[in-house]
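Text of the file run_14.cif, holding mmCIF, C-alpha atoms:
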```
data_start
loop_
_atom_site.label_atom_id
_atom_site.label_comp_id
_atom_site.auth_asym_id
_atom_site.auth_seq_id
_atom_site.Cartn_x
_atom_site.Cartn_y
_atom_site.Cartn_z
CA MET A 1 39.06 72.01 114.16
CA LEU A 2 42.70 72.63 115.04
CA ILE A 3 43.44 73.64 111.48
CA ASN A 4 40.54 76.10 111.70
CA ASP A 5 41.96 77.60 114.89
CA PHE A 6 45.25 78.07 113.11
CA THR A 7 44.04 79.45 109.77
CA ARG A 8 41.45 81.76 111.28
CA GLY A 9 44.22 84.23 112.15
CA LEU A 10 45.76 84.03 108.70
CA TRP A 11 42.82 85.23 106.61
CA GLU A 12 39.35 85.22 108.11
CA GLN A 13 40.36 87.25 111.16
CA ILE A 14 43.86 88.45 110.21
CA PRO A 15 44.49 90.92 113.03
CA PRO A 16 45.34 94.34 111.58
CA PHE A 17 43.02 94.08 108.57
CA ARG A 18 39.97 92.13 109.75
CA LEU A 19 39.93 92.76 113.47
CA VAL A 20 41.55 96.19 112.94
CA LEU A 21 43.33 95.61 116.25
CA GLY A 22 46.93 96.38 117.11
CA LEU A 23 47.05 99.39 114.84
CA CYS A 24 49.57 101.24 116.99
CA PRO A 25 52.52 98.96 116.14
CA THR A 26 51.12 98.46 112.64
CA LEU A 27 51.44 102.18 111.98
CA ALA A 28 54.58 102.83 113.98
CA VAL A 29 57.15 100.17 113.17
CA THR A 30 56.32 99.18 109.60
CA SER A 31 58.45 101.80 107.86
CA THR A 32 60.94 98.96 107.22
CA VAL A 33 60.42 95.25 106.64
CA THR A 34 62.87 94.41 109.44
CA GLY A 35 60.90 96.51 111.91
CA GLY A 36 57.60 94.99 110.85
CA ALA A 37 58.82 91.40 110.95
CA GLY A 38 60.67 91.95 114.25
CA MET A 39 57.59 93.39 115.91
CA GLY A 40 55.48 90.56 114.47
CA ILE A 41 57.78 87.85 115.80
CA ALA A 42 57.97 89.47 119.25
CA THR A 43 54.17 89.74 119.36
CA THR A 44 53.73 86.13 118.17
CA PHE A 45 55.97 84.87 120.94
CA VAL A 46 54.03 86.79 123.59
CA LEU A 47 50.70 85.77 122.08
CA VAL A 48 51.50 82.05 121.96
CA CYS A 49 53.02 81.98 125.46
CA SER A 50 50.24 84.00 127.08
CA ASN A 51 47.52 82.02 125.30
CA VAL A 52 48.99 78.72 126.49
CA LEU A 53 49.60 79.84 130.07
CA ILE A 54 46.20 81.48 130.41
CA SER A 55 44.57 78.36 129.06
CA VAL A 56 46.52 76.22 131.55
CA LEU A 57 45.53 78.48 134.44
CA ARG A 58 41.94 78.70 133.19
CA PRO A 59 40.46 76.58 136.04
CA VAL A 60 42.12 78.61 138.81
CA ILE A 61 41.77 82.13 137.45
CA HIS A 62 39.01 83.74 139.42
CA PRO A 63 36.61 85.45 136.99
CA LYS A 64 36.61 88.71 138.95
CA VAL A 65 40.38 89.19 138.73
CA ARG A 66 40.85 87.61 135.30
CA ILE A 67 41.77 90.80 133.42
CA ALA A 68 44.40 91.67 136.05
CA VAL A 69 45.85 88.15 135.86
CA PHE A 70 45.88 88.27 132.03
CA ILE A 71 47.73 91.57 132.04
CA VAL A 72 50.30 90.38 134.59
CA ILE A 73 50.98 87.24 132.52
CA ILE A 74 51.20 89.20 129.25
CA ALA A 75 53.43 91.87 130.82
CA THR A 76 55.79 89.18 132.15
CA PHE A 77 56.28 87.67 128.70
CA VAL A 78 56.74 91.12 127.18
CA VAL A 79 59.50 91.94 129.65
CA PHE A 80 61.13 88.60 128.79
CA VAL A 81 61.06 89.63 125.13
CA GLU A 82 62.43 93.07 125.95
CA MET A 83 65.34 91.62 127.92
CA ALA A 84 66.04 88.99 125.27
CA THR A 85 66.10 91.47 122.39
CA GLN A 86 68.39 93.75 124.40
CA ALA A 87 70.73 90.90 125.20
CA TRP A 88 70.80 89.07 121.87
CA ALA A 89 69.43 91.38 119.17
CA TYR A 90 70.32 94.91 120.22
CA PRO A 91 69.89 96.47 116.74
CA VAL A 92 66.30 95.16 116.67
CA TYR A 93 65.78 96.63 120.14
CA GLN A 94 67.07 100.01 118.93
CA LEU A 95 64.72 99.83 115.95
CA LEU A 96 61.59 98.92 117.90
CA GLY A 97 62.43 100.86 121.06
CA ILE A 98 59.39 101.84 123.10
CA PHE A 99 57.09 99.68 120.98
CA ILE A 100 58.38 96.47 122.61
CA PRO A 101 57.07 97.36 126.11
CA LEU A 102 53.91 98.60 124.41
CA ILE A 103 53.13 95.04 123.26
CA VAL A 104 51.53 94.71 126.73
CA VAL A 105 48.68 96.95 125.63
CA ASN A 106 48.32 95.40 122.18
CA CYS A 107 44.60 94.63 122.00
CA ILE A 108 45.15 91.45 119.98
CA ILE A 109 46.88 89.72 122.87
CA LEU A 110 44.39 90.66 125.58
CA GLY A 111 41.61 90.08 123.06
CA ARG A 112 42.70 86.51 122.32
CA ALA A 113 43.22 85.83 126.05
CA GLU A 114 39.71 86.98 126.88
CA ALA A 115 37.88 85.72 123.80
CA PHE A 116 39.70 82.44 123.20
CA ALA A 117 42.35 81.18 125.61
CA SER A 118 40.22 81.60 128.73
CA LYS A 119 37.51 79.40 127.20
CA HIS A 120 39.36 76.74 125.19
CA THR A 121 41.85 73.92 125.66
CA VAL A 122 45.61 74.43 125.76
CA VAL A 123 46.25 72.89 122.35
CA ARG A 124 43.53 74.92 120.64
CA SER A 125 44.76 78.10 122.36
CA PHE A 126 48.29 77.39 121.18
CA PHE A 127 47.18 77.10 117.55
CA ASP A 128 44.94 80.14 117.86
CA GLY A 129 47.87 82.18 119.21
CA LEU A 130 50.23 80.87 116.54
CA GLY A 131 47.78 81.60 113.72
CA MET A 132 46.94 85.08 114.94
CA GLY A 133 50.61 85.84 115.56
CA MET A 134 51.66 84.64 112.13
CA GLY A 135 48.86 86.61 110.53
CA PHE A 136 50.02 89.69 112.38
CA THR A 137 53.67 89.08 111.46
CA LEU A 138 52.79 88.49 107.82
CA SER A 139 50.69 91.67 107.64
CA LEU A 140 53.36 93.81 109.28
CA ALA A 141 56.12 92.37 107.12
CA VAL A 142 54.16 92.96 103.90
CA ILE A 143 53.22 96.52 104.90
CA GLY A 144 56.85 97.12 105.90
CA LEU A 145 58.10 95.68 102.61
CA LEU A 146 55.90 97.97 100.52
CA ARG A 147 56.55 101.07 102.60
CA GLU A 148 60.29 100.51 102.66
CA LEU A 149 60.40 99.82 98.93
CA LEU A 150 58.43 102.94 98.00
CA GLY A 151 59.52 105.18 100.87
CA SER A 152 63.25 104.60 100.83
CA GLY A 153 63.91 102.35 97.84
CA THR A 154 65.49 99.61 99.94
CA ILE A 155 64.60 96.13 101.18
CA ALA A 156 65.93 95.23 104.63
CA GLY A 157 68.37 98.14 104.30
CA ARG A 158 69.80 97.07 100.93
CA ALA A 159 69.39 99.63 98.15
CA LEU A 160 67.51 98.22 95.17
CA PHE A 161 67.58 101.07 92.71
CA GLY A 162 70.33 103.28 91.40
CA PRO A 163 71.15 106.69 92.87
CA SER A 164 68.66 108.31 90.48
CA PHE A 165 65.74 106.74 92.38
CA LEU A 166 63.56 109.36 94.07
CA PRO A 167 61.90 107.81 97.14
CA CYS A 168 58.30 108.69 97.96
CA THR A 169 59.01 109.87 101.51
CA LEU A 170 55.31 110.03 102.31
CA MET A 171 55.24 106.24 102.37
CA ALA A 172 57.88 106.11 105.10
CA LYS A 173 55.80 108.42 107.32
CA ALA A 174 52.59 107.61 109.22
CA PRO A 175 50.20 108.59 106.36
CA GLY A 176 51.96 106.00 104.20
CA ALA A 177 51.00 103.34 106.74
CA PHE A 178 47.35 104.41 106.63
CA ILE A 179 47.35 104.42 102.83
CA THR A 180 48.92 100.95 102.68
CA ILE A 181 46.50 99.49 105.23
CA GLY A 182 43.57 101.11 103.40
CA CYS A 183 44.64 99.59 100.07
CA PHE A 184 44.98 96.14 101.66
CA LEU A 185 41.54 96.43 103.27
CA ALA A 186 40.05 97.37 99.91
CA ILE A 187 41.72 94.45 98.13
CA MET A 188 40.68 91.95 100.81
CA ASN A 189 37.11 93.19 100.85
CA GLY A 190 37.06 93.05 97.06
CA ILE A 191 38.16 89.42 97.07
CA ASP A 192 35.53 88.53 99.66
CA GLU A 193 32.80 90.27 97.71
CA ARG A 194 33.70 88.41 94.55
CA LYS A 195 33.69 85.10 96.46
CA ARG A 196 30.23 85.88 97.81
CA SER A 197 28.81 86.88 94.41
CA ILE A 198 30.12 83.64 92.88
CA LYS A 199 28.29 81.69 95.57
CA MET B 200 36.56 79.26 150.97
CA ASN B 201 35.50 82.85 150.90
CA ASP B 202 35.28 84.30 147.42
CA ALA B 203 37.38 87.35 148.24
CA VAL B 204 40.13 85.23 149.79
CA LYS B 205 40.26 82.99 146.71
CA MET B 206 40.53 86.06 144.49
CA PHE B 207 43.35 87.38 146.63
CA ILE B 208 45.27 84.10 146.59
CA VAL B 209 45.03 83.74 142.80
CA LEU B 210 46.19 87.27 142.05
CA ALA B 211 48.92 87.23 144.71
CA GLY B 212 50.16 83.85 143.52
CA VAL B 213 50.34 84.87 139.87
CA THR B 214 52.04 88.22 140.53
CA THR B 215 54.59 86.69 142.93
CA THR B 216 55.51 83.93 140.49
CA CYS B 217 55.84 86.41 137.63
CA GLY B 218 57.94 88.72 139.80
CA LEU B 219 60.32 85.93 140.73
CA LEU B 220 60.65 84.75 137.14
CA LEU B 221 61.41 88.29 135.95
CA ALA B 222 64.01 88.78 138.67
CA GLY B 223 65.69 85.58 137.52
CA ALA B 224 65.61 86.63 133.87
CA HIS B 225 67.00 90.04 134.80
CA ASP B 226 69.94 88.46 136.60
CA LEU B 227 70.61 86.16 133.66
CA THR B 228 70.62 88.88 131.01
CA ARG B 229 72.03 91.89 132.92
CA GLU B 230 75.67 91.29 132.10
CA ARG B 231 74.95 90.69 128.40
CA ILE B 232 72.69 93.74 128.13
CA VAL B 233 75.41 96.01 129.55
CA THR B 234 77.88 94.61 127.01
CA GLN B 235 75.40 95.01 124.15
CA GLN B 236 74.62 98.61 125.13
CA LEU B 237 78.33 99.36 125.21
CA ARG B 238 78.89 97.66 121.88
CA TYR B 239 76.15 99.43 119.96
CA ILE B 240 75.94 102.82 121.66
CA LYS B 241 79.43 103.61 122.94
CA GLY B 242 81.37 100.87 121.22
CA PRO B 243 82.18 102.79 118.03
CA ALA B 244 83.56 105.75 119.99
CA ILE B 245 85.59 103.51 122.29
CA ARG B 246 87.07 101.68 119.30
CA THR B 247 87.98 105.00 117.64
CA VAL B 248 89.79 106.17 120.76
CA LEU B 249 91.60 102.85 121.23
CA SER B 250 92.06 102.32 117.50
CA ASP B 251 95.53 100.73 117.73
CA ALA B 252 94.48 98.15 120.33
CA THR B 253 94.66 94.50 119.32
CA ASN B 254 92.29 93.30 122.05
CA ASP B 255 88.57 93.99 122.43
CA PRO B 256 88.49 96.93 124.86
CA LEU B 257 84.76 96.39 125.47
CA LEU B 258 85.55 93.07 127.11
CA ASP B 259 88.67 94.35 128.89
CA ARG B 260 86.74 96.74 131.08
CA ARG B 261 87.00 97.32 134.80
CA VAL B 262 84.84 99.32 137.15
CA VAL B 263 86.82 101.32 139.72
CA ALA B 264 85.54 103.53 142.52
CA VAL B 265 86.87 107.09 142.58
CA SER B 266 85.76 109.45 145.35
CA GLY B 267 82.48 107.63 145.79
CA LYS B 268 81.70 107.36 142.06
CA GLU B 269 82.02 104.30 139.88
CA VAL B 270 84.02 104.74 136.70
CA THR B 271 84.33 102.16 133.95
CA LEU B 272 87.80 101.94 132.42
CA PHE B 273 88.44 100.39 129.02
CA PHE B 274 91.89 98.94 128.44
CA GLY B 275 93.42 99.12 124.99
CA LYS B 276 96.20 96.53 124.72
CA LYS B 277 98.86 95.83 122.17
CA GLY B 278 101.00 92.73 122.55
CA GLY B 279 99.68 92.16 126.08
CA ARG B 280 100.78 95.64 127.21
CA VAL B 281 98.25 98.35 128.07
CA THR B 282 98.85 101.20 125.64
CA SER B 283 95.85 103.36 126.37
CA ILE B 284 93.02 103.56 128.88
CA ALA B 285 89.69 105.08 127.92
CA LEU B 286 86.91 106.43 130.13
CA GLU B 287 83.67 108.25 129.60
CA THR B 288 82.67 111.68 130.89
CA ALA B 289 79.84 114.01 129.99
CA ALA B 290 79.18 117.75 130.03
CA GLN B 291 76.15 119.84 129.24
CA GLY B 292 76.15 120.95 125.60
CA TYR B 293 73.77 123.11 123.61
CA ALA B 294 71.00 120.52 123.28
CA GLY B 295 71.69 118.05 126.08
CA PRO B 296 74.63 116.17 127.52
CA VAL B 297 77.64 115.49 125.32
CA HIS B 298 79.25 112.17 126.19
CA ILE B 299 82.95 111.95 125.44
CA ILE B 300 85.28 108.96 125.50
CA SER B 301 88.83 110.09 126.30
CA GLY B 302 91.87 107.86 126.01
CA PHE B 303 95.01 108.34 128.11
CA ASP B 304 98.49 106.92 128.04
CA PRO B 305 98.82 104.97 131.31
CA GLU B 306 102.47 105.98 131.77
CA SER B 307 102.54 109.69 130.96
CA GLY B 308 98.87 110.54 131.38
CA THR B 309 98.89 112.26 127.99
CA CYS B 310 95.60 112.28 126.12
CA THR B 311 95.89 109.84 123.21
CA ALA B 312 92.56 110.51 121.49
CA ILE B 313 88.98 111.48 122.15
CA ALA B 314 85.69 110.71 120.45
CA VAL B 315 82.09 111.81 120.88
CA ALA B 316 80.00 108.84 122.08
CA LEU B 317 76.57 110.48 122.34
CA SER B 318 75.37 113.99 121.57
CA GLN B 319 72.29 115.78 120.30
CA GLU B 320 73.95 118.99 119.12
CA THR B 321 72.38 120.96 116.27
CA PRO B 322 72.95 119.09 113.00
CA GLY B 323 75.39 120.97 110.79
CA ILE B 324 76.50 123.39 113.51
CA GLY B 325 77.17 121.85 116.91
CA SER B 326 77.35 118.40 115.40
CA ARG B 327 80.67 119.37 113.82
CA ILE B 328 82.34 118.68 117.19
CA THR B 329 82.33 115.03 116.13
CA GLY B 330 84.67 115.79 113.22
CA ASP B 331 88.29 114.60 113.29
CA ALA B 332 89.55 118.18 112.81
CA PHE B 333 88.22 119.13 116.22
CA THR B 334 88.58 115.87 118.19
CA GLY B 335 92.12 115.47 116.83
CA SER B 336 93.21 118.69 118.54
CA PHE B 337 92.97 116.96 121.92
CA THR B 338 95.55 114.32 120.98
CA GLY B 339 98.82 114.88 122.79
CA LEU B 340 97.33 117.15 125.42
CA ASP B 341 99.61 116.74 128.43
CA PRO B 342 98.12 116.08 131.86
CA ALA B 343 99.29 119.44 133.28
CA THR B 344 97.16 121.45 130.81
CA ALA B 345 93.46 121.11 131.40
CA ALA B 346 91.48 121.05 128.15
CA ALA B 347 89.98 124.49 127.47
CA LEU B 348 89.14 126.66 124.48
CA ARG B 349 91.65 129.32 123.42
CA LYS B 350 89.14 132.04 124.26
CA ASP B 351 88.87 130.58 127.76
CA GLY B 352 92.65 130.73 128.17
CA GLY B 353 93.31 127.21 126.93
CA THR B 354 94.96 125.64 123.92
CA ILE B 355 92.05 124.20 121.91
CA ASP B 356 90.60 125.93 118.85
CA GLY B 357 86.82 125.65 119.05
CA VAL B 358 84.52 124.87 116.13
CA GLY B 359 83.43 128.16 114.55
CA GLY B 360 79.86 129.07 115.48
CA ALA B 361 79.59 126.23 117.96
CA THR B 362 81.23 127.63 121.09
CA VAL B 363 78.78 126.02 123.51
CA SER B 364 79.25 122.58 121.98
CA SER B 365 83.03 122.96 121.79
CA ARG B 366 83.16 124.15 125.38
CA ALA B 367 81.11 121.09 126.45
CA VAL B 368 83.69 118.80 124.85
CA CYS B 369 86.49 120.68 126.61
CA SER B 370 84.85 120.43 130.02
CA ALA B 371 84.14 116.74 129.50
CA VAL B 372 87.77 116.10 128.53
CA ALA B 373 89.00 118.24 131.44
CA ALA B 374 86.81 116.19 133.78
CA ALA B 375 88.26 113.02 132.29
CA GLN B 376 91.80 114.36 132.81
CA LYS B 377 91.02 115.10 136.45
CA LEU B 378 89.42 111.69 136.90
CA PHE B 379 92.35 109.92 135.27
CA LYS B 380 94.79 111.71 137.60
CA GLU B 381 92.85 110.35 140.57
CA ILE B 382 92.66 106.86 139.12
CA ARG B 383 96.27 106.62 137.93
CA PRO B 384 97.82 105.54 141.28
CA SER B 385 95.50 102.53 141.39
CA ILE B 386 95.85 101.54 137.75
CA SER B 387 98.80 99.19 138.14
CA GLU B 388 96.71 97.38 140.72
CA VAL B 389 93.73 97.18 138.39
CA GLU B 390 96.01 95.96 135.63
CA ARG B 391 97.41 93.20 137.79
CA GLU B 392 93.86 92.11 138.62
CA ASN B 393 93.08 92.20 134.93
CA ALA B 394 96.05 89.96 134.14
CA HIS B 395 94.82 87.38 136.61
CA GLN B 396 91.50 87.03 134.85
#
```
What is this file in structure tokens?
Amino acid sequence: MLINDFTRGLWEQIPPFRLVLGLCPTLAVTSTVTGGAGMGIATTFVLVCSNVLISVLRPVIHPKVRIAVFIVIIATFVVFVEMATQAWAYPVYQLLGIFIPLIVVNCIILGRAEAFASKHTVVRSFFDGLGMGMGFTLSLAVIGLLRELLGSGTIAGRALFGPSFLPCTLMAKAPGAFITIGCFLAIMNGIDERKRSIK
Amino acid sequence: MNDAVKMFIVLAGVTTTCGLLLAGAHDLTRERIVTQQLRYIKGPAIRTVLSDATNDPLLDRRVVAVSGKEVTLFFGKKGGRVTSIALETAAQGYAGPVHIISGFDPESGTCTAIAVALSQETPGIGSRITGDAFTGSFTGLDPATAAALRKDGGTIDGVGGATVSSRAVCSAVAAAQKLFKEIRPSISEVERENAHQ
């Protein structure tokens, strides 16, 4: 059961592709692999912490104020992340900028709090948060990797091709993010369809 | 217990706890965040201005109060002796404030170097104020001559086609000169404090 909680976020319900949630950061910060992975890790931290705390507080959270309590808890962890990145990883903070505070309104986090953590045990909520967070990180990093490779010809800032390489700038812009996500959705749906037809 | 009261207690309890935790985290990280901001945003300019310093001027900083305002001074040291003191001033440019770091010799008050820390001037036109050809012309400016463009009766040759941007640099440096004059009497004191640390 625990393994199911964990792997659900990695394929079956991988956030940006299956749930199509959290598209704002998925589009905005994935022009480089560093940006994508950084945003993913920050979101995972917030997701795991908020899931655990909300699950712990589950018995005392009054159902009528639950959304307000969820948001306060999520916002607190996000501000922790913002302060920590500013203090210890300033270049990452410069890269992600306004999108760190915007993690508060990332639907995945509130969605998992409402749909999972507020109804399940602490351990299960922890694994759910970790799985979802890692799925999100993985997706963002892969999108970032492809967009950076095609859009600027680099990986994590290191140039891969000679000076004659002509980058496809479109991929570094927002349409490139849509195209990449669309291709991934098509591939994933294709795989699922094949699986189903084999059955 | 009344439902509304319970609701109130839960929400108030959670928000108060979160508030306290955040205040604690803020206190813990504040000092580091200021240092990091200096290092990544203004650090390169400060290092350019205090290029011959052997210490880390970002760590050797002191906040002094001058006529009600707080000014951060960066000390460039060589062999334990302060060779240059840098401070930041800003003036309105063509597309927003131009932040300048100016370095001064603590003895004579002569300008040792300047560098542009932050600016949003037009790329290719106003942005040329960051070039060495222009910033270098402020080196050796004595404290009696306020920085000003030649066409404003001063001694500095502006960047062609970028008068507004050049003028902004001049007024920022002139402000720094004025500030440094006010600070100078108290510098030996600041230095002594610095040595104690």
Could you state which residues are captured by the PyMOL selection byres ((chain B and resi 339) around 10) in this file, as a tab-separated table (two decimals) with C-alpha atoms, in the frame of the given file?
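Saved the output as expr-v7.tsv:
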```tsv
chain	number	residue	atom	x	y	z
B	303	PHE	CA	95.01	108.34	128.11
B	304	ASP	CA	98.49	106.92	128.04
B	308	GLY	CA	98.87	110.54	131.38
B	309	THR	CA	98.89	112.26	127.99
B	310	CYS	CA	95.60	112.28	126.12
B	311	THR	CA	95.89	109.84	123.21
B	312	ALA	CA	92.56	110.51	121.49
B	335	GLY	CA	92.12	115.47	116.83
B	336	SER	CA	93.21	118.69	118.54
B	337	PHE	CA	92.97	116.96	121.92
B	338	THR	CA	95.55	114.32	120.98
B	340	LEU	CA	97.33	117.15	125.42
B	341	ASP	CA	99.61	116.74	128.43
B	342	PRO	CA	98.12	116.08	131.86
```
### Query
Once the PyMOL selection byres ((chain B) within 9 of (chain A)) has been applied to the shown file, what residues remain in the selection, as a list in words?
Asp202, Lys205, Met206, Phe207, Val209, Leu210, Val213, Thr214, Cys217, Gly218, Leu220, Leu221, Ala224, His225, Thr228, Arg229, Glu230, Arg231, Ile232, Val233, Thr234, Gln235, Gln236 and Tyr239 of chain B
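Taking CA of Ile71 in chain A as the reference point, CA of Asn4 in chain A is found at 26.5 Å.
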Shell of 9 Å around Ala374 in chain B, all atoms listed in the file, local chain residues under 3 positions omitted, as number ranges by chain = B: 288-290, 345-346, 369-371, 377-379
The PyMOL selection byres ((chain A and resi 32) around 7) on the file shown: which residues, as a PyMOL selection string?
chain A and resi 30-31+33-36+144-145+147-148+156
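Of the listed residues A:Ile143, A:Ala177, A:Met39, A:Ala186, the one whose atoms come nearest to Asn106 in chain A is A:Met39, with distances taken using all atoms listed in the file.
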